[in-house]
$ cat final.txt   # compact mmCIF, C-alpha atoms
# COMPACT_ATOMS: atom_id res chain seq x y z
CA MET A 1 20.24 122.45 84.42
CA VAL A 2 16.69 123.20 83.31
CA PHE A 3 13.88 121.05 84.58
CA CYS A 4 11.02 120.07 82.30
CA ASN A 5 7.96 122.20 82.84
CA GLY A 6 5.21 120.36 84.71
CA ARG A 7 2.02 121.98 83.49
CA VAL A 8 -0.74 122.75 85.93
CA ALA A 9 -3.45 123.22 83.31
CA GLY A 10 -5.77 120.26 83.10
CA LEU A 11 -5.27 119.06 86.66
CA GLN A 12 -8.25 121.08 87.80
CA GLY A 13 -10.25 119.42 85.09
CA VAL A 14 -10.33 119.29 81.33
CA HIS A 15 -12.49 117.17 79.13
CA PRO A 16 -10.96 113.68 79.27
CA GLY A 17 -10.98 113.45 75.52
CA ASN A 18 -8.07 115.91 75.37
CA PRO A 19 -6.32 115.94 78.74
CA ASP A 20 -2.89 117.28 79.57
CA PRO A 21 -0.32 114.65 80.56
CA ASP A 22 0.12 114.02 84.26
CA PRO A 23 3.55 115.40 85.29
CA ALA A 24 3.86 112.65 87.89
CA VAL A 25 3.59 109.94 85.24
CA GLY A 26 5.24 111.38 82.16
CA LEU A 27 4.28 111.97 78.56
CA LYS A 28 2.17 109.04 77.45
CA MET A 29 -1.23 108.28 76.08
CA ALA A 30 -3.99 108.04 78.67
CA ARG A 31 -7.29 106.22 78.63
CA TYR A 32 -9.76 108.20 80.70
CA GLU A 33 -13.16 106.93 81.72
CA LEU A 34 -15.87 108.44 83.86
CA LEU A 35 -15.53 106.70 87.23
CA ASN A 36 -18.53 104.67 88.33
CA ASN A 37 -19.10 101.82 90.77
CA VAL A 38 -20.46 99.41 88.16
CA ALA A 39 -17.84 99.40 85.41
CA HIS A 40 -15.06 99.92 87.96
CA LYS A 41 -16.38 97.91 90.89
CA ASP A 42 -13.15 95.87 91.11
CA LEU A 43 -10.79 98.77 90.49
CA ARG A 44 -7.80 99.02 92.82
CA VAL A 45 -4.90 101.45 93.09
CA VAL A 46 -1.37 100.46 94.04
CA LEU A 47 -0.15 102.99 96.60
CA ARG A 48 3.46 101.95 97.15
CA PRO A 49 5.98 104.46 95.80
CA GLY A 50 8.42 103.58 93.06
CA ALA A 51 10.11 104.70 89.88
CA GLU A 52 7.81 102.40 87.91
CA PHE A 53 4.89 104.59 88.97
CA GLY A 54 6.51 107.85 87.84
CA ASP A 55 7.75 108.91 91.27
CA GLU A 56 11.35 109.51 90.16
CA VAL A 57 10.93 113.17 89.17
CA GLY A 58 12.90 116.23 90.22
CA MET A 59 9.89 118.46 90.83
CA VAL A 60 6.11 118.34 90.90
CA PRO A 61 3.37 120.97 90.69
CA ALA A 62 2.46 122.48 94.06
CA PHE A 63 -0.81 124.20 94.83
CA PRO A 64 -1.45 127.13 97.22
CA THR A 65 -4.08 125.06 99.04
CA GLU A 66 -1.29 122.75 100.26
CA TYR A 67 1.45 125.31 100.96
CA ALA A 68 1.00 125.01 104.74
CA GLU A 69 1.81 121.29 104.56
CA LEU A 70 4.39 121.41 101.78
CA GLN A 71 6.50 124.19 103.27
CA ARG A 72 7.37 122.03 106.27
CA GLU A 73 9.36 119.59 104.11
CA TYR A 74 9.76 120.76 100.50
CA PRO A 75 11.47 123.78 98.94
CA LEU A 76 8.83 125.67 96.94
CA PHE A 77 9.49 127.81 93.90
CA LEU A 78 7.63 129.53 91.06
CA ARG A 79 8.02 128.83 87.35
CA LYS A 80 6.82 130.90 84.43
CA ASP A 81 5.01 129.28 81.52
CA PRO A 82 6.83 130.49 78.40
CA GLU A 83 3.64 130.32 76.34
CA SER A 84 1.03 131.91 78.62
CA GLY A 85 3.41 134.00 80.72
CA GLU A 86 1.58 132.83 83.84
CA TYR A 87 3.34 131.59 86.96
CA HIS A 88 2.72 128.35 88.78
CA SER A 89 4.42 126.84 91.79
CA VAL A 90 6.46 123.66 92.14
CA ALA A 91 7.93 121.57 94.92
CA LEU A 92 11.57 120.61 94.42
CA LEU A 93 12.22 116.91 95.03
CA GLY A 94 15.77 116.59 93.73
CA PHE A 95 18.53 118.23 91.73
CA GLU A 96 18.14 116.25 88.52
CA ASN A 97 15.18 115.61 86.23
CA ASN A 98 14.77 112.01 87.39
CA GLU A 99 15.88 112.37 91.00
CA ASN A 100 13.47 112.21 93.93
CA LEU A 101 15.40 112.53 97.19
CA PHE A 102 12.21 111.89 99.15
CA LEU A 103 12.01 108.39 97.68
CA GLU A 104 14.10 105.70 99.37
CA ASP A 105 13.77 101.94 99.74
CA GLY A 106 10.29 101.93 98.26
CA ARG A 107 8.83 104.63 100.49
CA TRP A 108 8.35 108.37 100.69
CA THR A 109 10.42 109.74 103.58
CA SER A 110 8.27 112.85 103.97
CA ALA A 111 5.19 112.99 106.17
CA TYR A 112 3.11 114.83 103.55
CA LEU A 113 2.58 113.49 100.03
CA PRO A 114 2.12 116.25 97.41
CA GLY A 115 -1.42 116.32 96.08
CA ILE A 116 -0.33 115.72 92.50
CA VAL A 117 1.12 112.39 93.66
CA ALA A 118 -1.61 111.50 96.16
CA LYS A 119 -4.33 111.84 93.53
CA GLY A 120 -3.02 108.75 91.74
CA PRO A 121 -4.77 107.93 88.44
CA PHE A 122 -7.71 110.27 89.03
CA LEU A 123 -8.56 113.75 87.81
CA ILE A 124 -11.54 116.04 87.68
CA GLY A 125 -13.35 116.38 84.37
CA PHE A 126 -16.64 118.04 83.51
CA GLN A 127 -19.91 116.57 82.36
CA GLU A 128 -23.03 118.39 81.23
CA GLN A 129 -25.79 117.67 83.72
CA ASP A 130 -29.30 118.89 84.42
CA ILE A 131 -29.27 120.54 87.87
CA ASP A 132 -32.41 122.31 89.06
CA GLY A 133 -33.66 122.57 85.50
CA GLN A 134 -30.46 124.09 84.14
CA ARG A 135 -27.78 122.49 81.98
CA VAL A 136 -24.45 123.01 83.72
CA GLN A 137 -20.92 121.64 83.43
CA ALA A 138 -20.65 119.65 86.65
CA PRO A 139 -17.29 118.39 87.95
CA VAL A 140 -16.97 114.59 87.88
CA ILE A 141 -14.12 112.18 88.54
CA HIS A 142 -12.33 110.38 85.74
CA VAL A 143 -9.78 107.60 86.00
CA ASP A 144 -6.87 106.90 83.68
CA LEU A 145 -7.07 103.14 83.17
CA ASP A 146 -3.61 103.12 81.59
CA HIS A 147 -2.02 104.68 84.67
CA PRO A 148 0.68 102.39 86.12
CA ARG A 149 -1.00 102.42 89.54
CA VAL A 150 -4.27 101.01 88.24
CA SER A 151 -4.83 97.34 89.08
CA PHE A 152 -7.65 94.83 89.45
CA SER A 153 -5.66 92.37 91.55
CA GLU A 154 -3.74 94.36 94.18
CA GLY A 155 -3.80 97.68 95.95
CA GLU A 156 -6.40 99.81 97.68
CA PRO A 157 -10.01 99.26 96.59
CA VAL A 158 -11.78 102.27 95.11
CA PHE A 159 -15.29 101.08 95.96
CA LEU A 160 -16.76 99.11 98.83
CA PRO A 161 -18.28 95.67 98.12
CA GLN A 162 -21.76 97.23 98.38
CA GLY A 163 -20.83 99.90 95.84
CA GLY A 164 -20.14 102.88 98.09
CA ASN A 165 -16.99 104.97 98.05
CA SER A 166 -14.06 103.47 99.89
CA PRO A 167 -12.17 105.60 102.46
CA TYR A 168 -9.36 105.81 99.90
CA LEU A 169 -11.68 107.28 97.25
CA GLU A 170 -13.04 109.79 99.77
CA HIS A 171 -9.46 110.88 100.43
CA VAL A 172 -8.81 111.23 96.70
CA ILE A 173 -11.93 113.37 96.33
CA THR A 174 -10.57 115.72 99.01
CA VAL A 175 -7.19 115.84 97.27
CA LEU A 176 -8.78 116.57 93.87
CA ARG A 177 -10.88 119.33 95.36
CA GLY A 178 -7.75 120.92 96.83
CA ILE A 179 -5.96 120.70 93.47
CA ARG A 180 -8.89 122.28 91.64
CA ASP A 181 -9.25 125.10 94.16
CA GLY A 182 -5.50 125.62 94.32
CA ALA A 183 -5.09 125.77 90.55
CA GLU A 184 -7.91 128.29 90.21
CA GLY A 185 -6.88 130.42 93.18
CA GLY A 186 -3.22 130.27 92.25
CA LYS A 187 -3.73 132.35 89.12
CA ALA A 188 -4.94 135.33 91.13
CA LEU A 189 -2.30 134.77 93.82
CA PHE A 190 0.63 134.82 91.41
CA ALA A 191 -0.83 137.75 89.47
CA ALA A 192 -0.99 139.70 92.74
CA PHE A 193 2.62 138.80 93.54
CA GLU A 194 3.71 139.95 90.09
CA ALA A 195 1.73 143.19 90.32
CA ALA A 196 3.42 143.95 93.65
CA GLY A 197 6.85 143.29 92.15
CA LEU A 198 7.54 140.42 94.53
CA ILE A 199 8.65 137.74 92.05
CA GLN A 200 12.34 137.50 91.28
CA PRO A 201 14.26 135.06 89.03
CA LEU A 202 16.68 132.78 90.85
CA ARG A 203 19.87 131.08 89.81
CA ILE A 204 20.80 128.45 92.35
CA ASP A 205 24.36 127.14 92.28
CA VAL A 206 24.84 124.15 94.56
CA LYS A 207 28.16 122.42 95.22
CA PHE A 208 27.84 119.09 97.00
CA ASP A 209 31.53 118.15 97.07
CA ASP A 210 34.67 118.57 94.99
CA ASN A 211 33.26 116.52 92.14
CA ASN A 212 29.51 117.23 92.13
CA ALA A 213 27.65 120.48 91.57
CA VAL A 214 24.47 121.68 89.83
CA ASN A 215 23.04 124.94 88.55
CA LEU A 216 19.26 125.33 88.81
CA VAL A 217 17.76 127.86 86.43
CA GLY A 218 14.21 128.73 85.42
CA LEU A 219 13.06 129.04 89.03
CA HIS A 220 11.59 132.12 90.67
CA GLY A 221 10.95 133.08 94.27
CA ILE A 222 9.58 135.81 96.49
CA ASP A 223 11.90 138.79 96.95
CA ARG A 224 12.18 139.10 100.73
CA GLU A 225 13.53 142.67 100.64
CA LYS A 226 10.77 143.92 98.34
CA LEU A 227 8.17 142.22 100.51
CA ALA A 228 9.53 143.99 103.59
CA ALA A 229 9.55 147.33 101.73
CA LEU A 230 5.94 147.21 100.47
CA ASP A 231 3.88 150.30 101.10
CA ALA A 232 1.04 150.07 103.58
CA GLU A 233 -1.73 150.04 100.96
CA THR A 234 -0.23 147.19 98.93
CA LEU A 235 0.63 145.22 102.05
CA HIS A 236 -2.89 145.62 103.40
CA GLY A 237 -4.36 144.57 100.05
CA LEU A 238 -2.32 141.36 100.04
CA HIS A 239 -3.29 140.66 103.63
CA ARG A 240 -6.99 141.35 103.03
CA SER A 241 -7.07 139.00 100.05
CA GLY A 242 -5.27 136.26 101.99
CA TYR A 243 -2.26 136.34 99.65
CA LEU A 244 0.29 137.60 102.17
CA GLU A 245 0.34 134.26 103.96
CA GLY A 246 1.19 132.52 100.69
CA ALA A 247 4.22 134.77 100.20
CA TYR A 248 5.55 133.99 103.65
CA LEU A 249 4.92 130.26 103.25
CA LEU A 250 6.92 130.27 100.02
CA LEU A 251 9.74 132.07 101.79
CA SER A 252 9.68 129.79 104.82
CA SER A 253 9.98 126.73 102.59
CA GLN A 254 13.47 127.79 101.51
CA HIS A 255 15.08 126.39 104.66
CA ASN A 256 14.28 122.95 103.25
CA MET A 257 16.97 123.46 100.60
CA ARG A 258 19.61 122.75 103.23
CA ARG A 259 17.91 119.48 104.13
CA LEU A 260 17.62 118.50 100.47
CA MET A 261 21.30 119.28 99.90
CA ALA A 262 22.30 117.23 102.94
CA GLU A 263 20.32 114.25 101.64
CA LYS A 264 21.98 114.57 98.23
CA GLN A 265 25.41 114.66 99.86
CA ARG A 266 24.56 111.60 101.95
CA ARG A 267 23.58 109.63 98.87
CA LEU A 268 26.69 110.71 97.01
CA ARG A 269 28.83 109.46 99.91
CA LEU A 270 26.97 106.15 99.92
CA ALA A 271 27.42 105.78 96.17
CA GLU A 272 31.13 106.57 96.44
CA ALA A 273 31.60 104.08 99.29
CA ALA A 274 29.78 101.39 97.30
CA ALA A 275 31.92 102.09 94.25
CA ASN A 276 35.11 101.89 96.30
CA GLU A 277 33.98 98.65 97.89
CA ALA A 278 33.15 97.15 94.50
CA GLY A 279 36.54 98.24 93.16
CA ALA A 280 38.35 96.68 96.10
CA ALA A 281 36.43 93.43 95.67
CA ALA A 282 37.35 93.29 92.00
$ encode --input "final.txt" --output "structure tokens"
Amino acid sequence: MVFCNGRVAGLQGVHPGNPDPDPAVGLKMARYELLNNVAHKDLRVVLRPGAEFGDEVGMVPAFPTEYAELQREYPLFLRKDPESGEYHSVALLGFENNENLFLEDGRWTSAYLPGIVAKGPFLIGFQEQDIDGQRVQAPVIHVDLDHPRVSFSEGEPVFLPQGGNSPYLEHVITVLRGIRDGAEGGKALFAAFEAAGLIQPLRIDVKFDDNNAVNLVGLHGIDREKLAALDAETLHGLHRSGYLEGAYLLLSSQHNMRRLMAEKQRRLRLAEAAANEAGAAA
């Protein structure tokens, strides 16, 4: 099975007139506007999880700035963009394209929500501004008004009644900043891993029971043996740049595969029991 490639480009900010699609929502047209507290004073965002909001996906982009949180609950892998040849990282949520095993009964079962999901309908764009007498491209927040989470009748308010930022918007700003920094820093991180020969392709064969199995291809990981065998100079260089921690966080996330497999098996048993019960009732 090959998962669709969730592109990272654009999440750190492209001009809203030509944005990349949000992997958490799917391929659709978007209607971006520069966020402001006048035109969007009544804007609200529905926070509850659900398939109708694009949450039923098998993987989402993951950013190095959130590895410490993600690796506690999600298996993390690398993927290679076939066009650019660059690597980016992803968090595995399920074993099928439209399967999120962290979504159950209208809630996320994990303590940490990946940034790409937590950002909701917002992204960072750039606007030319005059700062200290110089024209610069300043980062600004845009909102996709066609995003399924956008509402004017329910959900979390984006602005306070007096016009200030709501606590929710302040949280989103922090999330967007982490995504931007992670996307930018990730390029150098993955390039360093590749230069050190640490990235290896993976083929993951998973058998859940006698009737259900999957093959995951297109994923890459850190080669533990090559990491342990690095020469002192290369190892010190990775440590000095702060990249060594990222390699170990990616490796430590792999124990979450067992938890993800166990959840898949649990759901398969539930589905089989429900099918048997329905058959008996008929």
$ closest_atom_pairs --input "final.txt" --of "stretch 107-215 of chain A" --to "stretch 83-90 of chain A" --cutoff "9 Å" --atoms "only C-alpha atoms" --output "tab-separated table"
residue	atom	partner	partner_atom	distance
A:Ala183	CA	A:His88	CA	8.4
A:Gly186	CA	A:His88	CA	7.1
A:Lys187	CA	A:Tyr87	CA	7.4
A:Phe190	CA	A:Tyr87	CA	6.1
A:Ala191	CA	A:Tyr87	CA	7.9
A:Glu194	CA	A:Tyr87	CA	8.9
$ atom_distance --input "final.txt" --atom1 "atom CA of A:Leu145" --atom2 "atom CA of A:Ala30"
7.3 Å
$ atom_distance --input "final.txt" --atom1 "atom CA of A:Gln162" --atom2 "atom CA of A:Ala39"
13.7 Å
$ residues_around --input "final.txt" --residues "A:Thr234" --least-positions-apart "6" --cutoff "12 Å" --atoms "all atoms listed in the file" --output "list of chain:residue names"
A:Ala192, A:Phe193, A:Ala195, A:Ala196, A:Gly197, A:Leu198, A:Lys226, A:Leu227, A:Ala228, A:Arg240, A:Ser241, A:Tyr243, A:Leu244
$ residues_around --input "final.txt" --residues "A:Arg258" --least-positions-apart "4" --cutoff "12 Å" --atoms "only C-alpha atoms" --output "NGL selection string"
:A and (73-75 or 94 or 206-208 or 253-254 or 262-265)
$ atom_distance --input "final.txt" --atom1 "atom CA of A:Arg48" --atom2 "atom CA of A:Ser151"
12.5 Å
$ residues_around --input "final.txt" --residues "stretch 131-141 of chain A" --least-positions-apart "4" --cutoff "8 Å" --atoms "only C-alpha atoms" --output "PyMOL selection string"
chain A and resi 13+34-35+122-127
$ closest_residue --input "final.txt" --among "A:Leu160, A:Leu202, A:Val214, A:Leu113" --to "A:Tyr67" --atoms "all atoms listed in the file"
A:Leu113
$ axis_aligned_box --input "final.txt" --around "stretch 218-223 of chain A" --padding-each-side "3 Å" --output "lines of an AutoDock Vina configuration file"
center_x = 11.9
center_y = 133.8
center_z = 91.2
size_x = 10.6
size_y = 16.1
size_z = 17.5
$ closest_residue --input "final.txt" --among "A:Ala62, A:Arg31, A:Ala278, A:Met257" --to "A:Leu101" --atoms "all atoms listed in the file"
A:Met257
$ closest_residue --input "final.txt" --among "A:Arg180, A:Ser166, A:Gln200, A:Phe63" --to "A:Glu225" --atoms "all atoms listed in the file"
A:Gln200
$ residues_around --input "final.txt" --residues "A:Leu176" --least-positions-apart "2" --cutoff "9 Å" --atoms "all atoms listed in the file" --output "number ranges by chain"
A: 11-12, 115-116, 119, 122-124, 141, 171-174, 178-181
$ closest_residue --input "final.txt" --among "A:Pro201, A:Gly279, A:Gly54, A:Gly182" --to "A:Pro121" --atoms "all atoms listed in the file"
A:Gly54
$ closest_residue --input "final.txt" --among "A:Asp205, A:Glu128, A:Asp144, A:Glu96" --to "A:Tyr32" --atoms "all atoms listed in the file"
A:Asp144
$ closest_residue --input "final.txt" --among "A:Asn215, A:Leu189, A:Glu52, A:Glu184" --to "A:Gly242" --atoms "only C-alpha atoms"
A:Leu189
$ residues_around --input "final.txt" --residues "A:Leu70" --least-positions-apart "6" --cutoff "8 Å" --atoms "all atoms listed in the file" --output "ChimeraX atom specification"
/A:76,91,112,114,253
$ write_last_selection --input "final.txt" --atoms "C-alpha atoms" --output "short mmCIF file (atom, residue, chain, number, x, y, z; two decimals), in the coordinates of the input"
data_model
loop_
_atom_site.label_atom_id
_atom_site.label_comp_id
_atom_site.auth_asym_id
_atom_site.auth_seq_id
_atom_site.Cartn_x
_atom_site.Cartn_y
_atom_site.Cartn_z
CA LEU A 76 8.83 125.67 96.94
CA ALA A 91 7.93 121.57 94.92
CA TYR A 112 3.11 114.83 103.55
CA PRO A 114 2.12 116.25 97.41
CA SER A 253 9.98 126.73 102.59
#
